[in-house]
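J.: Here it is, the structure in full.
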Amino acid sequence: MEFRQLKTFITVADLNGFTRAADVLGYTQPTITSQIQLLESQLGVRLFERIRKNISLTHEGEKFLVYARQIINLCEEAKDIVTDKSMTKGVVTIGALESLCTTRLHSLLKVFHYKFPDIEIVLRTVKSNEHKQLLLDNHIDVAFCLDNRVTSSEFIVELAVPEPLVLLAEPNHYLVKYSDVYPQNIVNYPLILAEEDCSYRRTMISILGDYGLTPKIMEIGNIQAMKQLAMSGLGIILLPKITVEEELSKGKLVELNWCGPSFEFLTQVIYHEDKWMSPALQTFLNVTKEIFPIQYCKSGKI
């Protein structure tokens, strides 16, 4: 398998044609055809379906295209590192919860882009139970998760920051006058929570279950909508405090004095133990540790 074969394959796939690829690459069409046929022979699969004058990627071709692009990108990145050590380039793909995208990541990415404009950031919003599989499948380079402490030996926890969770209601809510709020106090009021796969929703349900309590749940998939419903007096919400700082400062929501079991949650930056630490990714992690507040743990396996 040669470098030029991969470039030819990617070009044919992108342009959806052998003739157009030949024009762009400066080859004859028979040369393009020969390179693709040789690549298919080496792989033992068909990469393209050829019906009359139309071509399309096979299922195997679509899968191989992902890796072909990665190989080309790595080669280009290696060349850039050797020829221009003064400038870090590359792509970093991040998976993060919605709540972290609009809070912690917002300021981090602004600083990072200012310092390293030649590093491209691809940000994917993920659900709380998706990041580990995305890391395992190498679909993202690093994940920002909000969860209990990650303990799997497959992942490196680069840093972790304590993330207080708060129970909130609008200022005139009946529970605001309570000096102490226990699980049995909230069960009679609608509890506005995120989707079932949300880590802190699962924790709250588990806590109430330990007390033999079944809450009235109003499920909302958007944090802003959750806050609006709570401010309208339709229920109580449980959210990371960082997501409601504005509403608290303006008195639109009030933090209830929760006296039940504590919520031990952390914003964690993790990646797979076998992940290749590219210069772009290492640079991003370094800036992350500079920008984030005091860390709960240092980098390493947990």
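Ordering of the structure tokens sets the chain letters (A, B, ...); residue numbers start at 1 within each chain; ligands are numbered from 1 in the order shown.
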When you look at segment 66-82 of chain A with a cut-off of 12 Å (counting only C-alpha atoms), what residues show up, excluding the ones that are within fewer than 6 positions of it in the same chain? I need them as a VMD selection string.
T.: chain A and resid 1 to 11 13 to 14 39 47 59 to 60 88 to 92 118 to 119 137 to 139 276 to 280
J.: For the residues selected in the previous step, produce a file with N, CA, C and O atoms as a compact mmCIF listing (two decimals), in the first residue's frame.
T.:
# COMPACT_ATOMS: atom_id res chain seq x y z
N MET A 1 0.85 -1.19 0.00
CA MET A 1 0.00 0.00 0.00
C MET A 1 0.89 1.24 0.00
O MET A 1 1.71 1.42 0.90
N GLU A 2 0.74 2.10 -1.00
CA GLU A 2 1.58 3.27 -1.14
C GLU A 2 0.81 4.54 -0.81
O GLU A 2 -0.42 4.60 -0.92
N PHE A 3 1.58 5.56 -0.45
CA PHE A 3 1.03 6.86 -0.10
C PHE A 3 0.21 7.42 -1.27
O PHE A 3 -0.89 7.94 -1.09
N ARG A 4 0.75 7.31 -2.50
CA ARG A 4 0.05 7.88 -3.66
C ARG A 4 -1.26 7.14 -3.94
O ARG A 4 -2.22 7.72 -4.44
N GLN A 5 -1.29 5.84 -3.62
CA GLN A 5 -2.53 5.08 -3.81
C GLN A 5 -3.63 5.61 -2.90
O GLN A 5 -4.79 5.72 -3.29
N LEU A 6 -3.24 5.93 -1.66
CA LEU A 6 -4.23 6.46 -0.71
C LEU A 6 -4.74 7.82 -1.16
O LEU A 6 -5.94 8.11 -1.08
N LYS A 7 -3.84 8.67 -1.63
CA LYS A 7 -4.26 9.99 -2.11
C LYS A 7 -5.17 9.86 -3.32
O LYS A 7 -6.16 10.60 -3.46
N THR A 8 -4.85 8.92 -4.20
CA THR A 8 -5.68 8.69 -5.38
C THR A 8 -7.06 8.19 -4.95
O THR A 8 -8.10 8.66 -5.44
N PHE A 9 -7.10 7.25 -4.02
CA PHE A 9 -8.36 6.71 -3.53
C PHE A 9 -9.23 7.81 -2.93
O PHE A 9 -10.43 7.91 -3.22
N ILE A 10 -8.65 8.65 -2.09
CA ILE A 10 -9.40 9.74 -1.44
C ILE A 10 -9.92 10.72 -2.49
O ILE A 10 -11.07 11.17 -2.41
N THR A 11 -9.09 11.04 -3.46
CA THR A 11 -9.49 11.99 -4.51
C THR A 11 -10.64 11.44 -5.34
O THR A 11 -11.60 12.15 -5.65
N ALA A 13 -12.82 9.22 -4.38
CA ALA A 13 -14.00 9.20 -3.52
C ALA A 13 -14.61 10.59 -3.37
O ALA A 13 -15.84 10.76 -3.41
N ASP A 14 -13.75 11.60 -3.20
CA ASP A 14 -14.25 12.97 -3.02
C ASP A 14 -14.89 13.52 -4.29
O ASP A 14 -15.90 14.24 -4.23
N LEU A 39 -4.71 -1.29 -5.24
CA LEU A 39 -5.07 -1.10 -3.84
C LEU A 39 -6.14 -2.10 -3.42
O LEU A 39 -6.07 -2.70 -2.34
N LEU A 47 -13.42 -1.49 -3.35
CA LEU A 47 -13.60 -0.18 -2.72
C LEU A 47 -14.69 0.64 -3.41
O LEU A 47 -15.31 1.49 -2.79
N HIS A 59 -19.45 -0.52 1.01
CA HIS A 59 -19.44 -0.41 2.47
C HIS A 59 -18.01 -0.48 3.00
O HIS A 59 -17.62 0.29 3.89
N GLU A 60 -17.21 -1.38 2.42
CA GLU A 60 -15.81 -1.49 2.82
C GLU A 60 -15.03 -0.24 2.44
O GLU A 60 -14.14 0.21 3.18
N THR A 88 2.78 24.99 15.72
CA THR A 88 2.03 23.76 15.94
C THR A 88 0.76 23.79 15.12
O THR A 88 0.00 24.75 15.16
N LYS A 89 0.54 22.70 14.37
CA LYS A 89 -0.65 22.59 13.55
C LYS A 89 -1.32 21.25 13.83
O LYS A 89 -0.78 20.40 14.53
N GLY A 90 -2.49 21.07 13.27
CA GLY A 90 -3.18 19.79 13.43
C GLY A 90 -4.65 19.98 13.75
O GLY A 90 -5.18 21.09 13.70
N VAL A 91 -5.30 18.88 14.07
CA VAL A 91 -6.73 18.88 14.39
C VAL A 91 -6.93 18.14 15.70
O VAL A 91 -6.34 17.09 15.93
N VAL A 92 -7.77 18.70 16.58
CA VAL A 92 -8.14 18.05 17.83
C VAL A 92 -9.66 17.94 17.85
O VAL A 92 -10.37 18.94 17.73
N ASP A 118 -3.60 27.98 14.27
CA ASP A 118 -3.37 26.97 13.23
C ASP A 118 -3.78 25.57 13.65
O ASP A 118 -3.64 24.62 12.89
N ILE A 119 -4.26 25.41 14.88
CA ILE A 119 -4.79 24.12 15.32
C ILE A 119 -6.31 24.17 15.20
O ILE A 119 -6.97 25.00 15.80
N ASP A 137 -13.65 4.05 19.93
CA ASP A 137 -13.74 3.95 18.48
C ASP A 137 -12.85 4.97 17.77
O ASP A 137 -12.82 5.02 16.53
N ASN A 138 -12.14 5.79 18.55
CA ASN A 138 -11.24 6.82 18.01
C ASN A 138 -12.00 7.86 17.17
O ASN A 138 -11.45 8.43 16.23
N HIS A 139 -13.26 8.11 17.52
CA HIS A 139 -14.03 9.13 16.84
C HIS A 139 -13.78 10.51 17.45
O HIS A 139 -14.09 11.53 16.83
N TRP A 276 -2.57 8.17 20.50
CA TRP A 276 -1.32 8.83 20.11
C TRP A 276 -1.39 10.30 20.50
O TRP A 276 -2.32 11.00 20.13
N MET A 277 -0.41 10.75 21.25
CA MET A 277 -0.40 12.12 21.73
C MET A 277 0.25 13.02 20.69
O MET A 277 1.46 13.29 20.72
N SER A 278 -0.55 13.49 19.76
CA SER A 278 -0.03 14.38 18.72
C SER A 278 0.37 15.71 19.34
O SER A 278 -0.10 16.09 20.42
N PRO A 279 1.25 16.47 18.68
CA PRO A 279 1.61 17.80 19.19
C PRO A 279 0.41 18.70 19.40
O PRO A 279 0.36 19.46 20.36
N ALA A 280 -0.58 18.60 18.49
CA ALA A 280 -1.77 19.43 18.62
C ALA A 280 -2.56 19.06 19.87
O ALA A 280 -3.01 19.93 20.63
J.: Looking at A:Glu264, A:Glu62, A:Glu154, A:Glu195, which one is nearest to Gln133 of chain A, with distances taken over only C-alpha atoms?
T.: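 Of A:Glu264, A:Glu62, A:Glu154, A:Glu195, the one nearest Gln133 of chain A, counting only C-alpha atoms, is A:Glu154.
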J.: So that I can check the secondary structure, give me every residue of segment 8-75 of chain A assigned helix (DSSP H, G or I) by backbone DSSP, as a PyMOL selection string.
T.: chain A and resi 8-15+18-25+29-43+59-75
J.: Store the residues picked out above, limited to C-alpha atoms, as a PDB file, in the first residue's frame.
T.:
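Saved the output as selection.pdb:
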ATOM      1  CA  THR A   8      -5.684   8.688  -5.376  1.00  0.00           C
ATOM      2  CA  PHE A   9      -8.362   6.708  -3.533  1.00  0.00           C
ATOM      3  CA  ILE A  10      -9.397   9.739  -1.441  1.00  0.00           C
ATOM      4  CA  THR A  11      -9.495  11.992  -4.505  1.00  0.00           C
ATOM      5  CA  VAL A  12     -11.645   9.544  -6.486  1.00  0.00           C
ATOM      6  CA  ALA A  13     -14.005   9.201  -3.515  1.00  0.00           C
ATOM      7  CA  ASP A  14     -14.248  12.972  -3.020  1.00  0.00           C
ATOM      8  CA  LEU A  15     -14.775  13.749  -6.716  1.00  0.00           C
ATOM      9  CA  PHE A  18     -11.903   8.485 -12.107  1.00  0.00           C
ATOM     10  CA  THR A  19     -11.665  11.051 -14.897  1.00  0.00           C
ATOM     11  CA  ARG A  20     -12.065  14.040 -12.590  1.00  0.00           C
ATOM     12  CA  ALA A  21      -9.486  12.580 -10.193  1.00  0.00           C
ATOM     13  CA  ALA A  22      -7.045  12.100 -13.076  1.00  0.00           C
ATOM     14  CA  ASP A  23      -7.445  15.763 -14.055  1.00  0.00           C
ATOM     15  CA  VAL A  24      -6.814  16.973 -10.498  1.00  0.00           C
ATOM     16  CA  LEU A  25      -3.861  14.664  -9.806  1.00  0.00           C
ATOM     17  CA  GLN A  29      -7.285   7.761 -16.338  1.00  0.00           C
ATOM     18  CA  PRO A  30      -5.728   4.302 -16.892  1.00  0.00           C
ATOM     19  CA  THR A  31      -3.132   5.154 -14.235  1.00  0.00           C
ATOM     20  CA  ILE A  32      -5.867   6.085 -11.773  1.00  0.00           C
ATOM     21  CA  THR A  33      -7.735   2.877 -12.546  1.00  0.00           C
ATOM     22  CA  SER A  34      -4.568   0.817 -12.168  1.00  0.00           C
ATOM     23  CA  GLN A  35      -3.753   2.358  -8.755  1.00  0.00           C
ATOM     24  CA  ILE A  36      -7.261   1.685  -7.436  1.00  0.00           C
ATOM     25  CA  GLN A  37      -7.250  -1.869  -8.744  1.00  0.00           C
ATOM     26  CA  LEU A  38      -3.856  -2.536  -7.145  1.00  0.00           C
ATOM     27  CA  LEU A  39      -5.072  -1.097  -3.837  1.00  0.00           C
ATOM     28  CA  GLU A  40      -8.197  -3.263  -3.969  1.00  0.00           C
ATOM     29  CA  SER A  41      -6.038  -6.302  -4.735  1.00  0.00           C
ATOM     30  CA  GLN A  42      -3.778  -5.583  -1.743  1.00  0.00           C
ATOM     31  CA  LEU A  43      -6.769  -5.131   0.573  1.00  0.00           C
ATOM     32  CA  HIS A  59     -19.440  -0.411   2.474  1.00  0.00           C
ATOM     33  CA  GLU A  60     -15.806  -1.491   2.823  1.00  0.00           C
ATOM     34  CA  GLY A  61     -14.713   1.559   0.858  1.00  0.00           C
ATOM     35  CA  GLU A  62     -16.550   3.904   3.208  1.00  0.00           C
ATOM     36  CA  LYS A  63     -14.855   2.331   6.233  1.00  0.00           C
ATOM     37  CA  PHE A  64     -11.427   2.400   4.585  1.00  0.00           C
ATOM     38  CA  LEU A  65     -11.863   6.074   3.602  1.00  0.00           C
ATOM     39  CA  VAL A  66     -11.885   7.095   7.269  1.00  0.00           C
ATOM     40  CA  TYR A  67      -8.519   5.448   7.885  1.00  0.00           C
ATOM     41  CA  ALA A  68      -7.032   6.619   4.592  1.00  0.00           C
ATOM     42  CA  ARG A  69      -7.753  10.230   5.575  1.00  0.00           C
ATOM     43  CA  GLN A  70      -6.181   9.669   9.001  1.00  0.00           C
ATOM     44  CA  ILE A  71      -3.032   8.218   7.441  1.00  0.00           C
ATOM     45  CA  ILE A  72      -2.699  11.132   5.024  1.00  0.00           C
ATOM     46  CA  ASN A  73      -3.333  13.664   7.799  1.00  0.00           C
ATOM     47  CA  LEU A  74      -0.720  12.036  10.034  1.00  0.00           C
ATOM     48  CA  CYS A  75       1.824  12.070   7.216  1.00  0.00           C
TER      49      CYS A  75
END
J.: Would you mind listing what lies within 12 Å of Arg124 of chain A as number ranges by chain, with only C-alpha atoms counted and same-chain residues fewer than 3 positions away left out?
T.: A: 92-98, 100-101, 105, 121, 127, 130-131, 134, 139-144
J.: Emit the selected residues as a compact mmCIF listing (two decimals), in the first residue's frame, including all heavy atoms.
T.:
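Result file follows (out26.txt):
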# COMPACT_ATOMS: atom_id res chain seq x y z
N VAL A 92 -7.77 18.70 16.58
CA VAL A 92 -8.14 18.05 17.83
C VAL A 92 -9.66 17.94 17.85
O VAL A 92 -10.37 18.94 17.73
CB VAL A 92 -7.66 18.84 19.06
CG1 VAL A 92 -8.12 18.15 20.35
CG2 VAL A 92 -6.14 18.99 19.06
N THR A 93 -10.16 16.70 17.98
CA THR A 93 -11.60 16.47 18.03
C THR A 93 -12.02 16.23 19.48
O THR A 93 -11.51 15.32 20.13
CB THR A 93 -12.00 15.26 17.17
OG1 THR A 93 -11.55 15.49 15.82
CG2 THR A 93 -13.50 15.08 17.17
N ILE A 94 -12.94 17.05 19.96
CA ILE A 94 -13.37 17.03 21.36
C ILE A 94 -14.82 16.57 21.44
O ILE A 94 -15.66 16.98 20.65
CB ILE A 94 -13.27 18.44 21.98
CG1 ILE A 94 -11.85 19.00 21.82
CG2 ILE A 94 -13.68 18.42 23.44
CD1 ILE A 94 -11.78 20.50 22.08
N GLY A 95 -15.10 15.71 22.40
CA GLY A 95 -16.47 15.35 22.72
C GLY A 95 -16.82 15.92 24.08
O GLY A 95 -16.06 15.74 25.04
N ALA A 96 -17.94 16.63 24.18
CA ALA A 96 -18.27 17.28 25.46
C ALA A 96 -19.77 17.36 25.65
O ALA A 96 -20.54 17.45 24.68
CB ALA A 96 -17.66 18.67 25.53
N LEU A 97 -20.19 17.35 26.91
CA LEU A 97 -21.60 17.55 27.25
C LEU A 97 -22.03 18.97 26.90
O LEU A 97 -21.22 19.90 26.93
CB LEU A 97 -21.82 17.32 28.74
CG LEU A 97 -21.63 15.90 29.28
CD1 LEU A 97 -21.78 15.92 30.78
CD2 LEU A 97 -22.64 14.95 28.66
N GLU A 98 -23.32 19.12 26.61
CA GLU A 98 -23.86 20.44 26.30
C GLU A 98 -23.56 21.43 27.43
O GLU A 98 -23.17 22.57 27.19
CB GLU A 98 -25.36 20.35 26.09
CG GLU A 98 -26.04 21.70 25.87
CD GLU A 98 -27.52 21.70 26.20
OE1 GLU A 98 -28.04 20.65 26.61
OE2 GLU A 98 -28.15 22.76 26.05
N LEU A 100 -21.14 21.59 29.46
CA LEU A 100 -19.74 22.01 29.50
C LEU A 100 -19.37 22.84 28.27
O LEU A 100 -18.49 23.69 28.34
CB LEU A 100 -18.83 20.78 29.60
CG LEU A 100 -19.00 19.95 30.87
CD1 LEU A 100 -18.07 18.74 30.85
CD2 LEU A 100 -18.71 20.79 32.12
N CYS A 101 -20.04 22.59 27.15
CA CYS A 101 -19.77 23.38 25.94
C CYS A 101 -20.07 24.85 26.16
O CYS A 101 -19.35 25.73 25.67
CB CYS A 101 -20.60 22.85 24.77
SG CYS A 101 -20.08 21.26 24.13
N LEU A 105 -15.93 25.07 28.50
CA LEU A 105 -15.24 25.03 27.21
C LEU A 105 -15.28 26.36 26.48
O LEU A 105 -14.40 26.66 25.66
CB LEU A 105 -15.84 23.93 26.33
CG LEU A 105 -15.24 22.55 26.53
CD1 LEU A 105 -16.06 21.50 25.81
CD2 LEU A 105 -13.81 22.51 26.04
N ILE A 121 -10.04 22.97 15.84
CA ILE A 121 -10.82 22.29 16.88
C ILE A 121 -12.14 21.83 16.29
O ILE A 121 -12.88 22.62 15.70
CB ILE A 121 -11.07 23.22 18.08
CG1 ILE A 121 -9.77 23.59 18.78
CG2 ILE A 121 -12.05 22.56 19.05
CD1 ILE A 121 -9.09 22.41 19.45
N LYS A 127 -23.83 12.90 24.53
CA LYS A 127 -24.59 12.58 25.73
C LYS A 127 -23.65 11.98 26.77
O LYS A 127 -22.55 11.54 26.45
CB LYS A 127 -25.72 11.59 25.38
CG LYS A 127 -26.76 12.17 24.44
CD LYS A 127 -27.87 11.17 24.15
CE LYS A 127 -28.91 11.77 23.23
NZ LYS A 127 -29.99 10.81 22.92
N GLU A 130 -22.00 8.55 26.10
CA GLU A 130 -21.43 8.30 24.79
C GLU A 130 -19.91 8.42 24.73
O GLU A 130 -19.26 7.81 23.87
CB GLU A 130 -22.01 9.26 23.75
CG GLU A 130 -23.45 9.01 23.38
CD GLU A 130 -23.94 9.98 22.32
OE1 GLU A 130 -23.48 11.14 22.31
OE2 GLU A 130 -24.76 9.56 21.49
N HIS A 131 -19.32 9.23 25.60
CA HIS A 131 -17.93 9.62 25.40
C HIS A 131 -16.95 8.45 25.43
O HIS A 131 -15.98 8.43 24.68
CB HIS A 131 -17.53 10.69 26.41
CG HIS A 131 -17.61 10.26 27.84
ND1 HIS A 131 -18.79 10.28 28.56
CD2 HIS A 131 -16.67 9.78 28.69
CE1 HIS A 131 -18.57 9.85 29.78
NE2 HIS A 131 -17.29 9.53 29.88
N LEU A 134 -17.01 6.59 22.12
CA LEU A 134 -16.41 7.43 21.08
C LEU A 134 -14.89 7.45 21.20
O LEU A 134 -14.19 7.46 20.18
CB LEU A 134 -16.97 8.86 21.17
CG LEU A 134 -18.43 9.02 20.78
CD1 LEU A 134 -18.92 10.43 21.11
CD2 LEU A 134 -18.62 8.74 19.29
N HIS A 139 -13.26 8.11 17.52
CA HIS A 139 -14.03 9.13 16.84
C HIS A 139 -13.78 10.51 17.45
O HIS A 139 -14.09 11.53 16.83
CB HIS A 139 -15.52 8.80 16.89
CG HIS A 139 -15.87 7.62 16.03
ND1 HIS A 139 -17.04 6.90 16.19
CD2 HIS A 139 -15.20 7.02 15.02
CE1 HIS A 139 -17.07 5.91 15.30
NE2 HIS A 139 -15.97 5.97 14.59
N ILE A 140 -13.30 10.53 18.67
CA ILE A 140 -12.86 11.78 19.31
C ILE A 140 -11.50 11.55 19.94
O ILE A 140 -11.13 10.43 20.26
CB ILE A 140 -13.87 12.27 20.38
CG1 ILE A 140 -14.06 11.23 21.48
CG2 ILE A 140 -15.21 12.64 19.74
CD1 ILE A 140 -14.96 11.70 22.63
N ASP A 141 -10.74 12.63 20.09
CA ASP A 141 -9.41 12.53 20.68
C ASP A 141 -9.44 12.64 22.20
O ASP A 141 -8.68 11.98 22.90
CB ASP A 141 -8.49 13.64 20.13
CG ASP A 141 -8.32 13.55 18.63
OD1 ASP A 141 -8.11 12.43 18.12
OD2 ASP A 141 -8.41 14.60 17.95
N VAL A 142 -10.33 13.47 22.68
CA VAL A 142 -10.41 13.73 24.12
C VAL A 142 -11.86 14.04 24.48
O VAL A 142 -12.61 14.56 23.66
CB VAL A 142 -9.47 14.91 24.50
CG1 VAL A 142 -9.90 16.20 23.80
CG2 VAL A 142 -9.39 15.11 26.01
N ALA A 143 -12.24 13.68 25.71
CA ALA A 143 -13.62 13.91 26.15
C ALA A 143 -13.65 14.77 27.41
O ALA A 143 -12.78 14.63 28.29
CB ALA A 143 -14.32 12.58 26.43
N PHE A 144 -14.63 15.65 27.46
CA PHE A 144 -14.93 16.42 28.67
C PHE A 144 -16.23 15.87 29.22
O PHE A 144 -17.30 16.05 28.62
CB PHE A 144 -15.09 17.91 28.34
CG PHE A 144 -13.80 18.63 28.10
CD1 PHE A 144 -13.05 18.37 26.96
CD2 PHE A 144 -13.34 19.58 28.99
CE1 PHE A 144 -11.85 19.03 26.73
CE2 PHE A 144 -12.15 20.25 28.77
CZ PHE A 144 -11.40 19.97 27.63
J.: Could you list, as a list in words, every residue within 7 Å of Glu255 of chain A, counting only C-alpha atoms and ignoring same-chain residues fewer than 5 positions away?
T.: Val166, Leu167, Leu168 and Ala169 of chain A
J.: Name the closest residue to Lys252 of chain A among the candidates A:Thr125, A:Ser56, A:Thr102, A:Asn172; distances are taken between atoms, counting only C-alpha atoms.
T.: A:Asn172
J.: Can you list, as number ranges by chain, all residues belonging to segment 6-178 of chain A that DSSP tags as strand (DSSP E)?
T.: A: 48-51, 54-57, 90-96, 119-125, 142-147, 155-162, 165-169
J.: Take the residues just selected and output them with C-alpha atoms as a PDB file, in the first residue's frame.
T.:
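Everything below was put into selection.pdb:
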ATOM      1  CA  PHE A  48     -15.883   1.129  -5.462  1.00  0.00           C
ATOM      2  CA  GLU A  49     -19.015  -0.113  -7.186  1.00  0.00           C
ATOM      3  CA  ARG A  50     -18.775   0.517 -10.941  1.00  0.00           C
ATOM      4  CA  ILE A  51     -22.125   0.544 -12.755  1.00  0.00           C
ATOM      5  CA  ASN A  54     -21.237   5.803 -12.318  1.00  0.00           C
ATOM      6  CA  ILE A  55     -19.113   4.856  -9.302  1.00  0.00           C
ATOM      7  CA  SER A  56     -19.860   4.788  -5.582  1.00  0.00           C
ATOM      8  CA  LEU A  57     -18.047   3.619  -2.481  1.00  0.00           C
ATOM      9  CA  GLY A  90      -3.182  19.789  13.425  1.00  0.00           C
ATOM     10  CA  VAL A  91      -6.728  18.877  14.390  1.00  0.00           C
ATOM     11  CA  VAL A  92      -8.140  18.052  17.827  1.00  0.00           C
ATOM     12  CA  THR A  93     -11.600  16.470  18.030  1.00  0.00           C
ATOM     13  CA  ILE A  94     -13.366  17.033  21.356  1.00  0.00           C
ATOM     14  CA  GLY A  95     -16.475  15.354  22.723  1.00  0.00           C
ATOM     15  CA  ALA A  96     -18.267  17.278  25.459  1.00  0.00           C
ATOM     16  CA  ILE A 119      -4.791  24.123  15.319  1.00  0.00           C
ATOM     17  CA  GLU A 120      -8.290  23.213  14.183  1.00  0.00           C
ATOM     18  CA  ILE A 121     -10.817  22.291  16.877  1.00  0.00           C
ATOM     19  CA  VAL A 122     -13.735  19.999  16.072  1.00  0.00           C
ATOM     20  CA  LEU A 123     -16.299  20.065  18.893  1.00  0.00           C
ATOM     21  CA  ARG A 124     -18.930  17.333  19.155  1.00  0.00           C
ATOM     22  CA  THR A 125     -21.778  17.603  21.643  1.00  0.00           C
ATOM     23  CA  VAL A 142     -10.408  13.733  24.123  1.00  0.00           C
ATOM     24  CA  ALA A 143     -13.619  13.905  26.150  1.00  0.00           C
ATOM     25  CA  PHE A 144     -14.928  16.424  28.665  1.00  0.00           C
ATOM     26  CA  CYS A 145     -17.334  14.528  30.892  1.00  0.00           C
ATOM     27  CA  LEU A 146     -19.321  15.380  34.011  1.00  0.00           C
ATOM     28  CA  ASP A 147     -19.585  12.266  36.100  1.00  0.00           C
ATOM     29  CA  PHE A 155      -8.693   5.771  30.134  1.00  0.00           C
ATOM     30  CA  ILE A 156      -6.255   8.434  31.278  1.00  0.00           C
ATOM     31  CA  VAL A 157      -7.758  11.188  33.430  1.00  0.00           C
ATOM     32  CA  GLU A 158      -5.712  14.220  32.465  1.00  0.00           C
ATOM     33  CA  LEU A 159      -7.376  16.454  35.036  1.00  0.00           C
ATOM     34  CA  ALA A 160     -10.530  16.627  37.107  1.00  0.00           C
ATOM     35  CA  VAL A 161     -12.291  19.612  38.631  1.00  0.00           C
ATOM     36  CA  PRO A 162     -14.906  19.388  41.422  1.00  0.00           C
ATOM     37  CA  LEU A 165     -24.518  20.261  41.730  1.00  0.00           C
ATOM     38  CA  VAL A 166     -27.365  22.329  43.084  1.00  0.00           C
ATOM     39  CA  LEU A 167     -31.078  21.834  43.575  1.00  0.00           C
ATOM     40  CA  LEU A 168     -32.982  24.962  42.536  1.00  0.00           C
ATOM     41  CA  ALA A 169     -36.436  26.490  42.453  1.00  0.00           C
TER      42      ALA A 169
END
J.: Could you state the separation of atom CA of Thr203 of chain A and atom CA of Ile186 of chain A in Å, given to one decimal place?
T.: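 Interatomic distance, atom CA of Thr203 of chain A to atom CA of Ile186 of chain A: 15.0 Å.
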J.: Take atom CA of Lys115 of chain A and atom CA of Thr243 of chain A and report the distance between them in Å, one decimal.
T.: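 Pair atom CA of Lys115 of chain A / atom CA of Thr243 of chain A returns 26.0 Å.
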J.: What does the distance from atom CA of His113 of chain A to atom CA of Val287 of chain A come to in Å, to one decimal?
T.: 10.5 Å
J.: Name the residues in contact with segment 213-219 of chain A at a cut-off of 9 Å, using only C-alpha atoms, excluding same-chain residues fewer than 6 positions from it; report them as a list in words.
T.: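 What passes the distance filter is Pro183, Gln184, Ile186, Val187, Asn188, Tyr189, Pro190, Leu191, Ile192, Leu193, Ala194, Glu195, Glu196, Ile205, Ile207, Met226 and Gly235 of chain A.
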J.: Find, counting only C-alpha atoms, the residue in A:Arg104, A:Lys250, A:Lys53, A:Arg46 that gets nearest to Gln268 of chain A.
T.: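 Among A:Arg104, A:Lys250, A:Lys53, A:Arg46, it is A:Arg104 that comes nearest to Gln268 of chain A.
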